[in-house]
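As stored in data_15.txt (compact mmCIF, C-alpha atoms and all ligand atoms):
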# COMPACT_ATOMS: atom_id res chain seq x y z
CA MET A 1 77.18 107.64 104.97
CA THR A 2 79.09 106.89 101.76
CA ARG A 3 82.16 108.96 100.96
CA ARG A 4 81.60 109.69 97.31
CA LEU A 5 83.94 112.07 95.47
CA ALA A 6 82.51 115.17 93.80
CA THR A 7 84.19 114.11 90.53
CA PRO A 8 84.49 110.43 89.57
CA VAL A 9 88.10 109.20 89.75
CA GLY A 10 89.29 105.69 88.94
CA ILE A 11 92.28 103.44 88.36
CA THR A 12 93.09 103.39 84.66
CA ALA A 13 96.24 101.22 84.72
CA THR A 14 98.33 99.13 87.11
CA GLY A 15 101.90 97.80 87.28
CA GLU A 16 104.24 95.83 89.50
CA CYS A 17 107.93 95.18 90.07
CA PHE A 18 109.60 92.42 92.08
CA PRO A 19 113.24 91.50 92.57
CA ASP A 20 114.49 88.30 90.89
CA ARG A 21 115.69 86.46 93.98
CA ILE A 22 113.14 83.89 95.21
CA VAL A 23 113.38 82.70 98.84
CA THR A 24 111.49 79.51 99.67
CA ASN A 25 110.26 78.25 103.05
CA GLU A 26 112.99 75.60 102.77
CA ASP A 27 115.62 78.33 102.33
CA LEU A 28 114.32 79.99 105.52
CA ALA A 29 114.44 76.67 107.40
CA LYS A 30 118.20 76.72 106.78
CA MET A 31 118.45 80.21 108.30
CA VAL A 32 116.16 79.99 111.37
CA ASN A 33 114.43 77.26 113.38
CA THR A 34 111.29 76.93 111.25
CA SER A 35 109.68 74.61 108.71
CA ASP A 36 107.66 74.73 105.50
CA GLU A 37 104.80 73.10 107.40
CA TRP A 38 104.73 75.81 110.14
CA ILE A 39 104.95 78.72 107.71
CA THR A 40 102.36 77.28 105.29
CA THR A 41 99.75 76.37 107.90
CA ARG A 42 100.16 79.54 110.03
CA THR A 43 100.48 82.08 107.21
CA GLY A 44 99.74 80.59 103.75
CA MET A 45 103.18 81.79 102.54
CA LYS A 46 105.44 79.63 100.36
CA LEU A 47 107.78 82.02 98.55
CA ARG A 48 108.88 85.61 98.79
CA ARG A 49 111.21 87.89 96.76
CA TRP A 50 114.19 89.57 98.39
CA VAL A 51 116.29 92.37 96.86
CA GLU A 52 120.05 92.24 96.45
CA PRO A 53 121.96 94.72 98.67
CA GLY A 54 121.77 98.30 97.43
CA VAL A 55 118.30 98.07 95.89
CA GLY A 56 115.89 100.56 97.47
CA SER A 57 112.12 101.06 97.48
CA SER A 58 112.45 103.73 94.77
CA ASP A 59 114.05 101.18 92.41
CA LEU A 60 111.10 98.81 92.76
CA GLY A 61 108.59 101.67 92.89
CA SER A 62 109.87 103.28 89.70
CA GLY A 63 109.77 99.88 87.95
CA ALA A 64 106.11 99.42 88.93
CA LEU A 65 105.18 102.98 87.92
CA LYS A 66 106.91 102.63 84.54
CA MET A 67 104.92 99.46 83.88
CA ALA A 68 101.64 101.18 84.81
CA LEU A 69 102.46 104.15 82.54
CA ASP A 70 103.34 101.81 79.65
CA ARG A 71 100.13 99.84 80.11
CA ARG A 72 98.17 103.12 79.99
CA GLY A 73 100.13 104.32 76.97
CA MET A 74 101.06 107.43 78.90
CA GLY A 75 104.38 109.25 79.17
CA ALA A 76 105.96 110.08 82.53
CA ASP A 77 105.54 113.78 81.66
CA ASP A 78 101.77 113.31 81.73
CA LEU A 79 101.87 112.70 85.50
CA ASP A 80 100.93 115.62 87.76
CA CYS A 81 101.67 113.92 91.07
CA ILE A 82 103.45 110.87 92.52
CA ILE A 83 102.44 109.49 95.91
CA ALA A 84 105.00 107.01 97.21
CA CYS A 85 103.42 104.77 99.83
CA THR A 86 106.13 103.11 101.89
CA VAL A 87 107.39 102.26 105.38
CA THR A 88 110.87 101.69 103.98
CA PRO A 89 111.88 104.91 102.23
CA ASP A 90 115.31 104.78 100.57
CA MET A 91 116.41 107.24 103.28
CA MET A 92 114.79 109.56 105.84
CA PHE A 93 114.83 112.36 103.28
CA PRO A 94 114.50 113.30 100.50
CA CYS A 95 111.20 111.53 100.06
CA THR A 96 111.03 108.37 97.98
CA ALA A 97 108.53 110.09 95.66
CA ALA A 98 111.33 112.47 94.58
CA LEU A 99 113.63 109.55 93.78
CA ILE A 100 110.88 107.81 91.82
CA GLN A 101 110.09 111.06 89.98
CA GLN A 102 113.70 111.30 88.87
CA LYS A 103 113.96 107.61 87.91
CA VAL A 104 110.82 107.63 85.74
CA GLY A 105 111.52 111.15 84.38
CA ALA A 106 108.20 112.69 85.45
CA SER A 107 109.40 116.24 84.85
CA LYS A 108 106.07 117.96 85.56
CA ALA A 109 105.01 116.06 88.68
CA PHE A 110 105.13 117.05 92.32
CA GLY A 111 104.94 114.35 94.95
CA PHE A 112 105.26 113.18 98.51
CA ASP A 113 105.51 110.06 100.65
CA LEU A 114 102.65 108.59 102.62
CA ASN A 115 103.20 106.18 105.50
CA ALA A 116 100.26 104.38 107.05
CA ALA A 117 102.09 101.02 107.17
CA CYS A 118 100.14 98.28 105.39
CA SER A 119 97.24 100.68 104.77
CA SER A 120 99.54 103.10 102.90
CA PHE A 121 98.43 102.20 99.38
CA LEU A 122 94.74 102.41 100.25
CA PHE A 123 95.21 105.79 101.95
CA GLY A 124 97.37 106.90 98.97
CA LEU A 125 94.63 105.90 96.56
CA THR A 126 91.97 107.96 98.35
CA THR A 127 94.38 110.89 98.79
CA GLY A 128 95.28 110.88 95.09
CA ALA A 129 91.63 110.56 94.11
CA GLY A 130 90.79 113.49 96.40
CA LEU A 131 93.46 115.65 94.73
CA ILE A 132 91.99 114.91 91.32
CA ALA A 133 88.43 115.49 92.54
CA SER A 134 89.52 118.88 93.93
CA GLY A 135 90.42 119.89 90.39
CA THR A 136 94.06 120.73 91.15
CA VAL A 137 95.62 117.78 89.27
CA LYS A 138 94.51 115.36 86.55
CA ARG A 139 96.79 112.31 86.70
CA VAL A 140 98.30 110.77 89.82
CA GLY A 141 100.66 107.79 90.12
CA VAL A 142 100.13 105.98 93.41
CA VAL A 143 103.03 103.65 94.18
CA GLY A 144 103.14 101.10 97.00
CA CYS A 145 106.79 100.07 97.43
CA ASP A 146 108.60 98.36 100.27
CA VAL A 147 111.94 96.69 100.84
CA MET A 148 110.95 94.88 104.01
CA THR A 149 114.27 92.99 104.07
CA SER A 150 115.83 96.28 105.18
CA ILE A 151 113.86 96.30 108.45
CA PHE A 152 113.42 92.77 109.75
CA ASP A 153 115.83 90.57 111.64
CA LYS A 154 116.79 87.62 109.45
CA SER A 155 117.81 85.66 112.54
CA ASP A 156 114.40 86.00 114.26
CA ARG A 157 111.94 83.33 113.14
CA ASN A 158 108.99 85.36 114.43
CA THR A 159 109.40 87.94 111.66
CA ALA A 160 111.95 86.58 109.15
CA VAL A 161 109.44 84.32 107.42
CA LEU A 162 106.65 86.86 107.00
CA PHE A 163 107.89 89.50 104.60
CA GLY A 164 108.93 90.03 100.99
CA ASP A 165 110.09 92.97 98.87
CA GLY A 166 108.03 94.42 96.01
CA ALA A 167 106.12 97.31 94.48
CA GLY A 168 102.79 97.93 92.79
CA ALA A 169 101.46 101.06 91.12
CA ALA A 170 98.18 102.51 89.92
CA ILE A 171 97.42 105.45 87.63
CA LEU A 172 94.44 107.55 88.78
CA GLU A 173 92.47 109.75 86.40
CA PRO A 174 89.01 111.27 86.05
CA VAL A 175 86.59 108.63 84.74
CA GLU A 176 82.97 108.38 83.58
CA GLU A 177 80.17 109.14 86.04
CA GLY A 178 79.24 106.07 88.08
CA TYR A 179 82.71 104.48 87.73
CA GLY A 180 85.90 104.55 89.79
CA LEU A 181 86.06 105.07 93.54
CA LEU A 182 82.46 104.81 94.79
CA ASP A 183 83.06 104.79 98.54
CA TYR A 184 85.81 104.42 101.14
CA GLU A 185 86.39 104.26 104.85
CA GLN A 186 89.65 104.95 106.72
CA GLN A 187 90.56 104.69 110.39
CA ILE A 188 93.57 105.23 112.63
CA ASP A 189 94.08 104.29 116.29
CA GLY A 190 97.44 105.04 117.90
CA SER A 191 96.76 102.82 120.90
CA GLY A 192 97.89 100.01 118.57
CA ALA A 193 101.38 101.53 118.13
CA PRO A 194 103.22 99.35 120.67
CA TYR A 195 102.02 96.13 119.05
CA LEU A 196 103.67 96.72 115.68
CA CYS A 197 106.52 99.18 115.23
CA MET A 198 110.16 99.86 114.48
CA PRO A 199 111.17 101.46 117.80
CA ALA A 200 114.33 103.40 116.82
CA GLY A 201 115.72 105.49 114.00
CA GLY A 202 113.17 108.29 114.24
CA SER A 203 113.19 111.55 116.20
CA ALA A 204 112.07 110.02 119.51
CA LYS A 205 114.89 107.50 119.51
CA PRO A 206 117.60 108.39 116.99
CA ALA A 207 120.03 105.74 115.80
CA SER A 208 122.86 105.02 118.21
CA HIS A 209 125.18 102.11 118.94
CA ALA A 210 122.80 101.15 121.76
CA THR A 211 119.73 101.04 119.47
CA VAL A 212 121.61 98.92 116.95
CA ASP A 213 122.82 96.54 119.65
CA ALA A 214 119.25 96.25 120.98
CA LYS A 215 117.97 95.45 117.45
CA GLU A 216 115.55 98.37 117.63
CA HIS A 217 115.85 99.10 113.90
CA PHE A 218 113.84 95.99 113.11
CA VAL A 219 110.09 95.26 113.02
CA HIS A 220 108.82 94.44 116.50
CA GLN A 221 105.39 92.91 116.70
CA GLN A 222 103.07 91.10 119.04
CA GLY A 223 101.71 88.84 116.34
CA GLN A 224 98.57 87.63 118.08
CA GLU A 225 97.42 91.15 119.05
CA VAL A 226 97.95 92.32 115.46
CA PHE A 227 96.20 89.20 114.17
CA LYS A 228 93.12 89.72 116.38
CA ASN A 229 92.69 93.38 115.42
CA ALA A 230 93.37 92.73 111.72
CA VAL A 231 90.73 90.00 111.54
CA ARG A 232 88.11 92.19 113.21
CA GLU A 233 88.74 95.42 111.33
CA MET A 234 89.38 94.01 107.84
CA ALA A 235 86.22 91.93 108.09
CA ASN A 236 84.17 94.88 109.44
CA VAL A 237 85.35 97.42 106.90
CA SER A 238 84.83 95.02 103.98
CA ARG A 239 81.27 94.29 105.09
CA LEU A 240 80.64 98.01 105.65
CA MET A 241 81.57 98.81 102.04
CA LEU A 242 78.88 96.44 100.79
CA ASP A 243 76.18 97.13 103.38
CA ARG A 244 76.13 100.89 103.12
CA ASN A 245 76.04 100.74 99.33
CA ASN A 246 73.25 98.11 99.32
CA ILE A 247 75.41 95.69 97.39
CA ASP A 248 74.74 91.97 97.68
CA PRO A 249 78.06 90.10 98.14
CA LYS A 250 77.19 88.05 95.04
CA GLU A 251 77.46 91.24 92.94
CA LEU A 252 81.12 91.67 93.88
CA THR A 253 83.65 90.50 91.27
CA LEU A 254 86.88 90.86 93.22
CA PHE A 255 87.96 91.24 96.84
CA VAL A 256 91.53 92.49 97.32
CA PRO A 257 92.63 92.31 100.97
CA HIS A 258 96.03 93.22 102.38
CA GLN A 259 98.10 90.02 102.31
CA ALA A 260 99.59 89.60 105.80
CA ASN A 261 98.24 86.16 106.67
CA LEU A 262 95.92 83.88 104.70
CA ARG A 263 93.93 83.19 107.87
CA ILE A 264 93.21 86.93 108.28
CA MET A 265 92.22 87.17 104.61
CA ASP A 266 89.95 84.12 104.86
CA ALA A 267 88.19 85.58 107.92
CA ALA A 268 87.36 88.74 105.97
CA LEU A 269 86.22 86.63 103.01
CA LYS A 270 83.89 84.70 105.29
CA ARG A 271 82.25 87.92 106.50
CA LEU A 272 81.61 88.82 102.86
CA GLU A 273 80.19 85.34 102.20
CA LEU A 274 82.38 85.05 99.12
CA PRO A 275 84.08 82.01 97.56
CA ARG A 276 87.90 81.88 97.47
CA GLU A 277 87.93 82.41 93.66
CA LYS A 278 86.76 85.99 94.20
CA MET A 279 89.72 86.88 96.42
CA ALA A 280 92.88 88.31 94.85
CA CYS A 281 95.60 86.33 96.58
CA ASN A 282 99.35 86.41 95.99
CA ILE A 283 100.54 85.73 99.54
CA ALA A 284 101.82 82.24 98.68
CA GLU A 285 104.17 83.62 96.01
CA TYR A 286 105.19 86.99 97.49
CA ALA A 287 104.42 86.94 101.27
CA ASN A 288 103.68 90.27 103.00
CA THR A 289 105.11 93.12 100.92
CA THR A 290 103.41 95.77 103.14
CA SER A 291 102.42 98.75 100.92
CA ALA A 292 102.72 96.60 97.79
CA THR A 293 100.32 93.76 98.62
CA ILE A 294 97.10 95.42 97.44
CA PRO A 295 98.36 97.02 94.20
CA THR A 296 100.27 93.88 93.14
CA ALA A 297 97.37 91.53 93.91
CA LEU A 298 95.08 93.92 92.02
CA HIS A 299 97.49 94.16 89.08
CA GLN A 300 97.81 90.38 88.82
CA SER A 301 94.00 90.05 88.77
CA VAL A 302 93.77 92.65 86.01
CA VAL A 303 96.44 90.87 83.94
CA ALA A 304 94.64 87.55 84.48
CA GLY A 305 91.47 89.12 83.04
CA LYS A 306 89.51 88.74 86.27
CA VAL A 307 88.25 92.35 86.26
CA LYS A 308 86.49 94.14 83.43
CA LYS A 309 84.78 97.51 83.03
CA GLY A 310 81.77 97.85 85.32
CA ASP A 311 82.86 95.15 87.81
CA LEU A 312 82.68 95.89 91.53
CA VAL A 313 85.93 95.58 93.48
CA VAL A 314 86.52 95.95 97.23
CA LEU A 315 89.98 96.70 98.66
CA ALA A 316 90.64 96.20 102.40
CA ALA A 317 93.73 97.05 104.43
CA PHE A 318 95.06 96.81 107.98
CA GLY A 319 98.48 97.85 109.27
CA ALA A 320 100.64 99.28 112.00
CA GLY A 321 99.31 102.33 113.80
CA PHE A 322 96.86 100.71 113.88
CA THR A 323 95.52 101.90 110.52
CA TRP A 324 92.79 100.27 108.46
CA GLY A 325 90.35 100.98 105.69
CA GLY A 326 88.30 99.80 102.76
CA ALA A 327 87.48 101.08 99.29
CA LEU A 328 84.73 100.19 96.84
CA LEU A 329 85.40 100.67 93.13
CA ARG A 330 83.45 100.16 89.96
CA TRP A 331 86.20 99.22 87.51
CA ALA A 332 86.49 102.04 85.02
CA VAL A 333 88.45 100.70 82.02
N1 LIG B 1 108.53 78.85 112.77
C1 LIG B 1 108.25 78.03 113.78
N2 LIG B 1 107.74 78.46 114.95
C2 LIG B 1 107.48 79.77 115.06
C3 LIG B 1 107.75 80.68 114.04
C4 LIG B 1 108.32 80.18 112.87
N3 LIG B 1 108.61 80.97 111.81
N4 LIG B 1 107.39 81.92 114.46
C5 LIG B 1 106.89 81.79 115.70
N5 LIG B 1 106.96 80.49 116.07
C6 LIG B 1 106.55 79.89 117.31
C7 LIG B 1 106.53 80.86 118.45
O1 LIG B 1 107.84 81.02 118.97
C8 LIG B 1 105.60 80.19 119.41
O2 LIG B 1 106.32 79.18 120.11
P1 LIG B 1 106.08 78.93 121.68
O3 LIG B 1 104.62 78.54 121.78
O4 LIG B 1 107.03 77.83 121.97
O5 LIG B 1 106.38 80.22 122.33
C9 LIG B 1 104.59 79.49 118.49
O6 LIG B 1 105.21 79.41 117.20
C10 LIG B 1 103.28 80.19 118.36
O7 LIG B 1 103.53 81.55 118.14
P2 LIG B 1 102.33 82.54 117.90
O8 LIG B 1 102.85 83.92 117.82
O9 LIG B 1 101.27 82.24 118.89
O10 LIG B 1 101.81 82.05 116.46
P3 LIG B 1 100.56 82.55 115.67
O11 LIG B 1 99.68 81.42 115.34
O12 LIG B 1 99.93 83.77 116.29
O13 LIG B 1 101.22 83.02 114.29
C11 LIG B 1 101.89 85.04 113.19
C12 LIG B 1 102.19 84.04 114.30
C13 LIG B 1 101.98 84.29 111.86
C14 LIG B 1 102.92 86.15 113.24
C15 LIG B 1 100.45 85.60 113.37
O14 LIG B 1 100.26 86.02 114.69
C16 LIG B 1 100.16 86.75 112.43
O15 LIG B 1 100.08 86.59 111.24
N6 LIG B 1 99.95 87.93 113.01
C17 LIG B 1 99.63 89.12 112.22
C18 LIG B 1 100.87 89.59 111.55
C19 LIG B 1 100.64 90.85 110.78
O16 LIG B 1 99.58 91.10 110.22
N7 LIG B 1 101.65 91.67 110.72
C20 LIG B 1 101.58 92.88 109.97
C21 LIG B 1 102.95 93.37 109.86
S1 LIG B 1 103.18 94.33 108.46
C22 LIG B 1 103.42 95.97 108.87
O17 LIG B 1 102.46 96.64 109.22
C23 LIG B 1 104.79 96.55 108.73
I'd like the structure from this file rewritten - as C-alpha cells, please.
Amino acid sequence: MTRRLATPVGITATGECFPDRIVTNEDLAKMVNTSDEWITTRTGMKLRRWVEPGVGSSDLGSGALKMALDRRGMGADDLDCIIACTVTPDMMFPCTAALIQQKVGASKAFGFDLNAACSSFLFGLTTGAGLIASGTVKRVGVVGCDVMTSIFDKSDRNTAVLFGDGAGAAILEPVEEGYGLLDYEQQIDGSGAPYLCMPAGGSAKPASHATVDAKEHFVHQQGQEVFKNAVREMANVSRLMLDRNNIDPKELTLFVPHQANLRIMDAALKRLELPREKMACNIAEYANTTSATIPTALHQSVVAGKVKKGDLVVLAAFGAGFTWGGALLRWAV
C-alpha cells in the first residue's frame, strides 16, 4: 500500500555546505596503512572534506539551510520548523536544531533533532512532510548535517578512510496536487545495533577515562555485515517504490541513494535496471557524510539541471540501527 500524504508536500529548494579542507586518498595513506587503490576499488571514494577543530554540525547545517532559503528566496523568519538530522550533534543538548535556528535567525521556528543514522535525512523528510500535511505548519527546513571526523578513529584504517564532513538542506512546503512526496517506506530493526554503533557516551555507558582509553567514543562497525544488509535493503526498498506505484524504471529521472560505498549503490542501481547516469553520486568527492549524503547529492543534481518539474525521483537510505527507507517524489518546482 502506498503511503500518500493527505496534502501534497514537496521539496521547493535545496542547499549544501562543506568545509574547505580536502583530504585525498594519498593524504590518508600517509596517516594509516592504506592505498588509493584499496580505497578506490573497495569504496569508490577519492576525496573527502574535513572540518577544522571547533567547527560543529550546526555550523555546516546552518550554512546549508541558509543556501536553501536563499535559493527559495525565503527569509529565515518564514520557517515554521527546523529538523536537524544528525548523529554528531554539537553536544548532547541543547539540540542542534536550536543552534541552527539561532545561527540562521529563524525567530518563528520550533525544531528538534532526529537521529536514525544514515537514514536520518530520509526520515526527517517524511516527518517534516507529515507535519505540513497535518496542517500544523507550512514551511519546514530539513537539515542533514554531520561532522563525522568527531567520531571516528583517525589511526584505524577500517574507518578512517570512509567518512567526510558536510551538510545538505531541503525546504518543504505544500505543493500542487500530484507533485511532491508520492510514497515512502521506512523500517527499523534494532538487532542490527551491534554491527554499527558508537558504544559509549550515552546513558548506558557514560563517558569515563576507561571508555576513552578503550576508544569507545568512535564508530565501531562490522563492515561486511553492514554491507550485506545495506545491499539487500537499499535494493529492495528502491524496487518497492517503483513496483507499488506501477512505475517502469525507465520513467525514473534520478535515483539518489545513501553514499556509503559505490558497490552498495551500484547493487541498488542494478535492481532498478537503471544506467549509471541516472544515479546521483558524489561519493568520490565527499565520501560518506552520513545524514548529508542524500541532500547534498540531490542538491548537486538540481544545480546541474538534472531534475525538472514533473520528474520522478527515488531516494534510498540505509544506516545504523539498522534503519532504512525509500521515498518517491515527483519534483515540484
Ligand atoms: N586499507 C587497506 N586495507 C584495509 C582497509 C584500508 N583502508 N580497511 C580494511 N582493510 C583490510 C582489512 O583489514 C582486511 O584485511 P585482512 O583480510 O588482512 O584482515 C581486508 O582489508 C578486507 O577487509 P573487509 O572488511 O573484508 O573489506 P570489505 O571489502 O568488506 O570492505 C568496507 C570494507 C569498505 C568497510 C565495506 O565492508 C563497507 O563498505 N561496508 C559498509 C560500510 C557502511 O555502509 N557503513 C555505514 C556507516 S555510516 C553510519 O551509519 C554512521
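For the pair atom CA of A:Gly105 and atom CA of A:Arg21, the interatomic distance is 26.8 Å.
Minimum atom-to-atom distances from A:Ala292, A:Ala117, A:Val237, A:Met198 to ligand LIG 1 (chain B) were compared using all atoms listed in the file, and the lowest value belongs to A:Ala117.
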Given 8 Å and only C-alpha atoms and all ligand atoms, residues near ligand LIG 1 (chain B) as a PyMOL selection string
chain A and resi 32-35+38-39+42-43+87+117-119+148+157-163+196-197+219+221-228+230+260-261+263-264+288-290+318-321
Taken to one decimal, the atom CA of A:Lys270-atom CA of A:Asp248 distance is 13.9 Å
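Taking atom CA of A:Phe322 and atom CA of A:Leu240 as the two end points, the separation is 18.4 Å.
Across A:Glu173, A:Asp90, A:Asp113, A:Asp59, the tightest approach to A:Arg72 is made by A:Glu173 when counting all atoms listed in the file.
Take the candidates A:Gly178, A:Pro275, A:Gly310, A:Gly202 and check each one against A:Met92 using all atoms listed in the file; the shortest distance goes to A:Gly202.
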Need the shell around A:Thr253: protein/DNA/RNA residues with any atom at most 10 Å away, counting only C-alpha atoms. Skip same-chain ones fewer than 3 positions apart. Format as an MDAnalysis selection string?
chainID A and resid 249:250 274 277:279 306:308 310:314 330:331
When distances are computed from all atoms listed in the file, which of A:Gly135, A:Pro19, A:Gly141, A:Gly168 shows the smallest separation from A:Phe110?
A:Gly141
Distance query 8 Å from (84.3, 114.7, 99.1) using all atoms listed in the file, result as a ChimeraX atom specification:
/A:3-6,130,133
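The residue that comes closest to A:Asp146, out of A:Leu172, A:Val212, A:Leu262, A:Cys17 and on the basis of all atoms listed in the file, is A:Cys17.
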Using all atoms listed in the file, the residue out of A:Ser57, A:Ser62, A:Thr323, A:Thr136 with shortest distance to A:Ile188 is A:Thr323
Residues within 12 Å of (109.3, 103.8, 102.2), file coords, only C-alpha atoms, listed as an MDAnalysis selection string:
chainID A and resid 56:61 83:100 112:118 120:121 143:148 150:151 165:167 289:292
May I have the residues within 8 Å of A:Ala268 as a VMD selection string, using only C-alpha atoms and disregarding those fewer than 3 positions away in the same chain?
chain A and resid 231 234 to 236 238 264 to 265 271 to 272
Please complete stretch 180-209 of chain A so it has N, CA and C atoms, and hand it over as a compact mmCIF listing (two decimals), in the frame of the given file.
# COMPACT_ATOMS: atom_id res chain seq x y z
N GLY A 180 84.78 104.16 88.94
CA GLY A 180 85.90 104.55 89.79
C GLY A 180 85.61 104.34 91.26
N LEU A 181 86.18 105.21 92.08
CA LEU A 181 86.06 105.07 93.54
C LEU A 181 84.65 105.49 93.98
N LEU A 182 83.86 104.52 94.42
CA LEU A 182 82.46 104.81 94.79
C LEU A 182 82.32 105.17 96.26
N ASP A 183 83.20 104.58 97.09
CA ASP A 183 83.06 104.79 98.54
C ASP A 183 84.36 104.32 99.22
N TYR A 184 84.65 104.90 100.37
CA TYR A 184 85.81 104.42 101.14
C TYR A 184 85.62 104.74 102.61
N GLU A 185 86.40 104.04 103.40
CA GLU A 185 86.39 104.26 104.85
C GLU A 185 87.83 104.12 105.33
N GLN A 186 88.27 105.02 106.23
CA GLN A 186 89.65 104.95 106.72
C GLN A 186 89.66 105.24 108.22
N GLN A 187 90.50 104.51 108.94
CA GLN A 187 90.56 104.69 110.39
C GLN A 187 92.01 104.65 110.86
N ILE A 188 92.24 105.30 112.00
CA ILE A 188 93.57 105.23 112.63
C ILE A 188 93.39 105.22 114.14
N ASP A 189 94.18 104.39 114.83
CA ASP A 189 94.08 104.29 116.29
C ASP A 189 95.48 104.03 116.87
N GLY A 190 96.07 105.10 117.41
CA GLY A 190 97.44 105.04 117.90
C GLY A 190 97.65 104.17 119.12
N SER A 191 96.57 103.72 119.75
CA SER A 191 96.76 102.82 120.90
C SER A 191 97.34 101.48 120.43
N GLY A 192 97.31 101.25 119.11
CA GLY A 192 97.89 100.01 118.57
C GLY A 192 99.39 100.12 118.32
N ALA A 193 99.97 101.31 118.49
CA ALA A 193 101.38 101.53 118.13
C ALA A 193 102.36 100.54 118.77
N PRO A 194 102.22 100.24 120.07
CA PRO A 194 103.22 99.35 120.67
C PRO A 194 103.22 97.93 120.11
N TYR A 195 102.13 97.53 119.49
CA TYR A 195 102.02 96.13 119.05
C TYR A 195 102.73 95.85 117.73
N LEU A 196 103.02 96.91 116.99
CA LEU A 196 103.67 96.72 115.68
C LEU A 196 104.42 98.00 115.34
N CYS A 197 105.74 97.94 115.46
CA CYS A 197 106.52 99.18 115.23
C CYS A 197 107.99 98.86 114.98
N MET A 198 108.70 99.90 114.52
CA MET A 198 110.16 99.86 114.48
C MET A 198 110.60 100.91 115.49
N PRO A 199 111.06 100.51 116.68
CA PRO A 199 111.17 101.46 117.80
C PRO A 199 112.19 102.60 117.61
N ALA A 200 113.28 102.37 116.88
CA ALA A 200 114.33 103.40 116.82
C ALA A 200 114.58 103.87 115.40
N GLY A 201 115.35 104.95 115.31
CA GLY A 201 115.72 105.49 114.00
C GLY A 201 114.93 106.73 113.64
N GLY A 202 113.93 107.07 114.46
CA GLY A 202 113.17 108.29 114.24
C GLY A 202 113.59 109.36 115.24
N SER A 203 112.79 110.43 115.35
CA SER A 203 113.19 111.55 116.20
C SER A 203 113.12 111.22 117.69
N ALA A 204 112.20 110.33 118.08
CA ALA A 204 112.07 110.02 119.51
C ALA A 204 113.23 109.18 120.01
N LYS A 205 113.76 108.35 119.13
CA LYS A 205 114.89 107.50 119.51
C LYS A 205 115.84 107.39 118.32
N PRO A 206 116.70 108.41 118.15
CA PRO A 206 117.60 108.39 116.99
C PRO A 206 118.57 107.20 117.05
N ALA A 207 119.10 106.87 115.89
CA ALA A 207 120.03 105.74 115.80
C ALA A 207 121.26 105.98 116.68
N SER A 208 121.64 104.95 117.41
CA SER A 208 122.86 105.02 118.21
C SER A 208 123.42 103.60 118.26
N HIS A 209 124.62 103.46 118.79
CA HIS A 209 125.18 102.11 118.94
C HIS A 209 124.25 101.26 119.80
